[in-house]
Amino acid sequence: MRLYRQATSLLSGSDNADQLLENAVNRNVHNAQPHRVGKLYDEYRALVTESNTHRSMLNDVSKKMATVAKTRSKAADFQSEMTKLREQAKQSKQTIQTIKDKLHDVEERLRYEAAKIPNLSHPDTPVGDESKARVVCVNGNLHTTDRVPLDDSGKLSDVEFQDHYDLALKLGIVDMEAGAKVAGSRFHYWRGAGALLELALVQYAMTRAVAAGFTPHITPDAARSSIIDACGFRPRSHSEEEQLGSEAKHVGEASQIYRMSPVAEESSKEHAADPLCLVATAEIPLVAMKQKQILDSTVLPMRLAGLSHCFRAEAGARGRDTRGIYRLHQFTKVELVTLAHPDNSESELFRLVEFQKSLFADLGLTFRVLQMPTFELGASAYQKFDIEAWMPGRKSWGEISSASNCTDYQARRLGIRVRTDGGSNSTMFVHTLNATAVAVPRLVVALLESFQRPDGHVVIPTVLRPWMMGMEALAPYK
């Protein structure tokens, strides 16, 4: 019930429902129906009350039957009374079962409708689509250059920038053809120095994160559907899709989720009810680690860094975004998660963004920070900042990371609380935040295109060289 209690806790009146509806529309979510959630929740509560009433009546009948059985006055009266009581018990059981069936249907509808309602938006968030994004700052000046630098002095050659995939093929660091043969399109192999580059980026991000106070984790690459749902993504079971019928067309982020189907568990009721899914980000298992817990206030802020593979269906992606390694179905990422006291979550978000900026500045990238508008906020995000690197081969900015404050959206669904100063039994929901430290393929795209040289070499940033086995540059493959 936690999923829609979050939504219904905000529905204390029609004004709140109106506010939630306006917020959803501002976020380009047109299938959210807060008023319907309120009505469904009232219906649910009424059915629960009715069910409890009939259960109480059934208990009374059972007690009367026991009393009559003990007294056994006149045989005729005894049989008549017992027959009457048995009929009452039968009717009560049938009524309870009917209510139970109705409850199941209402609960499924309520859960589905409540999940459509996104988090509220920060008052400072621009309203609209991606074009309304607000540029917070720009670091570097590569975006003002249209020719490949000769060296670090800034002198330019007459050579135009190549895109990352042409460079990767010439360097021999990635094999997309083998990936497609083995797993399908948009899967890849890192090869040689490409494999070392991924490991170097992971080591770089983790080393810096630990130094900044984050506890390192290597997380599961899978999570239960209910966990992914609670984090704001929308996987659905086959049974839910069948029951919801045409309503299930509004899938939101569900299209990005892969469901796992272990052969040995295909007939398992447990698997069918809450199947495993591949995670789209380590944010999911990191946040879920603390589900159903009450934390002591002294452990906050709790800063976690997680390494995982990420799996995304990337439905609807097309064009140049699908070329090379820019948009893949599987990739490696280091994700940062913070569990914070509600009073401090806004400052924690800015702390995360500053940490990200330091990572990319020390890599030598040209990047910009954007405050993202309402259309670009995921269901869980209250406020979000993206960081885009200039990718001269693509002649455009490309997203390399993001940071979001999800306030109590995930914590309510997962039951993560913190004790307050109001007494031992006084608690409140924590706020959860997430930020990308390193999404390997996107960073490799930015590095290849930014640090290419006229002779086909690509300079390796100094901060990555400790993990590159003495290499200072990637050389064309022979």
# chains A, B, ... in the order shown; residues from 1 in each chain; ligands from 1
$ closest_atom_pairs --of "range 52-157 of chain A" --to "range 405-408 of chain A" --cutoff "12 Å" --atoms "only C-alpha atoms" --output "tab-separated table"
residue	atom	partner	partner_atom	distance
A:Pro118	CA	A:Cys406	CA	10.4
A:Asn119	CA	A:Cys406	CA	7.6
A:Leu120	CA	A:Thr407	CA	9.1
A:Ser121	CA	A:Cys406	CA	9.6
A:His122	CA	A:Asn405	CA	9.4
$ write_last_selection --atoms "all heavy atoms" --output "PDB file, in the first residue's frame"
ATOM      1  N   PRO A 118       3.653  12.287 -10.470  1.00  0.00           N
ATOM      2  CA  PRO A 118       5.074  12.547 -10.234  1.00  0.00           C
ATOM      3  C   PRO A 118       5.292  13.360  -8.960  1.00  0.00           C
ATOM      4  O   PRO A 118       4.337  13.880  -8.361  1.00  0.00           O
ATOM      5  CB  PRO A 118       5.482  13.365 -11.469  1.00  0.00           C
ATOM      6  CG  PRO A 118       4.225  14.099 -11.837  1.00  0.00           C
ATOM      7  CD  PRO A 118       3.091  13.162 -11.513  1.00  0.00           C
ATOM      8  N   ASN A 119       6.531  13.452  -8.568  1.00  0.00           N
ATOM      9  CA  ASN A 119       6.897  14.290  -7.425  1.00  0.00           C
ATOM     10  C   ASN A 119       6.545  15.749  -7.732  1.00  0.00           C
ATOM     11  O   ASN A 119       6.398  16.136  -8.897  1.00  0.00           O
ATOM     12  CB  ASN A 119       8.399  14.151  -7.158  1.00  0.00           C
ATOM     13  CG  ASN A 119       8.780  14.587  -5.750  1.00  0.00           C
ATOM     14  OD1 ASN A 119       7.958  15.108  -4.997  1.00  0.00           O
ATOM     15  ND2 ASN A 119      10.033  14.367  -5.397  1.00  0.00           N
ATOM     16  N   LEU A 120       6.452  16.545  -6.704  1.00  0.00           N
ATOM     17  CA  LEU A 120       6.295  17.980  -6.904  1.00  0.00           C
ATOM     18  C   LEU A 120       7.577  18.552  -7.499  1.00  0.00           C
ATOM     19  O   LEU A 120       8.628  17.897  -7.487  1.00  0.00           O
ATOM     20  CB  LEU A 120       5.968  18.665  -5.571  1.00  0.00           C
ATOM     21  CG  LEU A 120       4.629  18.281  -4.930  1.00  0.00           C
ATOM     22  CD1 LEU A 120       4.513  18.898  -3.538  1.00  0.00           C
ATOM     23  CD2 LEU A 120       3.461  18.708  -5.803  1.00  0.00           C
ATOM     24  N   SER A 121       7.518  19.757  -8.018  1.00  0.00           N
ATOM     25  CA  SER A 121       8.674  20.390  -8.657  1.00  0.00           C
ATOM     26  C   SER A 121       9.153  21.572  -7.827  1.00  0.00           C
ATOM     27  O   SER A 121       8.345  22.295  -7.228  1.00  0.00           O
ATOM     28  CB  SER A 121       8.308  20.872 -10.069  1.00  0.00           C
ATOM     29  OG  SER A 121       7.781  19.816 -10.842  1.00  0.00           O
ATOM     30  N   HIS A 122      10.458  21.768  -7.799  1.00  0.00           N
ATOM     31  CA  HIS A 122      11.046  22.912  -7.089  1.00  0.00           C
ATOM     32  C   HIS A 122      10.505  24.209  -7.702  1.00  0.00           C
ATOM     33  O   HIS A 122      10.400  24.320  -8.933  1.00  0.00           O
ATOM     34  CB  HIS A 122      12.566  22.856  -7.214  1.00  0.00           C
ATOM     35  CG  HIS A 122      13.285  23.824  -6.338  1.00  0.00           C
ATOM     36  ND1 HIS A 122      13.379  25.171  -6.643  1.00  0.00           N
ATOM     37  CD2 HIS A 122      13.956  23.655  -5.163  1.00  0.00           C
ATOM     38  CE1 HIS A 122      14.068  25.785  -5.707  1.00  0.00           C
ATOM     39  NE2 HIS A 122      14.429  24.881  -4.794  1.00  0.00           N
TER      40      HIS A 122
END
$ residues_around --residues "Thr338 in chain A" --least-positions-apart "6" --cutoff "8 Å" --atoms "only C-alpha atoms" --output "MDAnalysis selection string"
chainID A and resid 301:304 348 432:434
$ select_by_dssp --residues "range 75-151 of chain A" --states "strand (DSSP E)" --output "list in words"
Arg134, Val135, Val136, Cys137, Val138 and Asn139 of chain A
$ atom_distance --atom1 "CA of Leu414 in chain A" --atom2 "CA of Lys333 in chain A"
23.3 Å
$ atom_distance --atom1 "CA of Glu314 in chain A" --atom2 "CA of His329 in chain A"
6.7 Å
$ atom_distance --atom1 "CA of Gln356 in chain A" --atom2 "CA of Pro126 in chain A"
21.9 Å
$ residues_around --residues "Ala288 in chain A" --least-positions-apart "5" --cutoff "9 Å" --atoms "only C-alpha atoms" --output "VMD selection string"
chain A and resid 227 to 228 230 to 231 283 410 to 411 414 416
$ residues_around --residues "Asn141 in chain A" --least-positions-apart "2" --cutoff "12 Å" --atoms "only C-alpha atoms" --output "JSON, numbers by chain"
{"A": [138, 139, 143, 144, 145, 146, 154, 361, 364, 365, 366, 367, 368, 389, 390, 391, 392, 450]}
$ residues_around --residues "Leu110 in chain A" --least-positions-apart "5" --cutoff "9 Å" --atoms "only C-alpha atoms" --output "PyMOL selection string"
chain A and resi 4+36-38+40-41+44+105+115
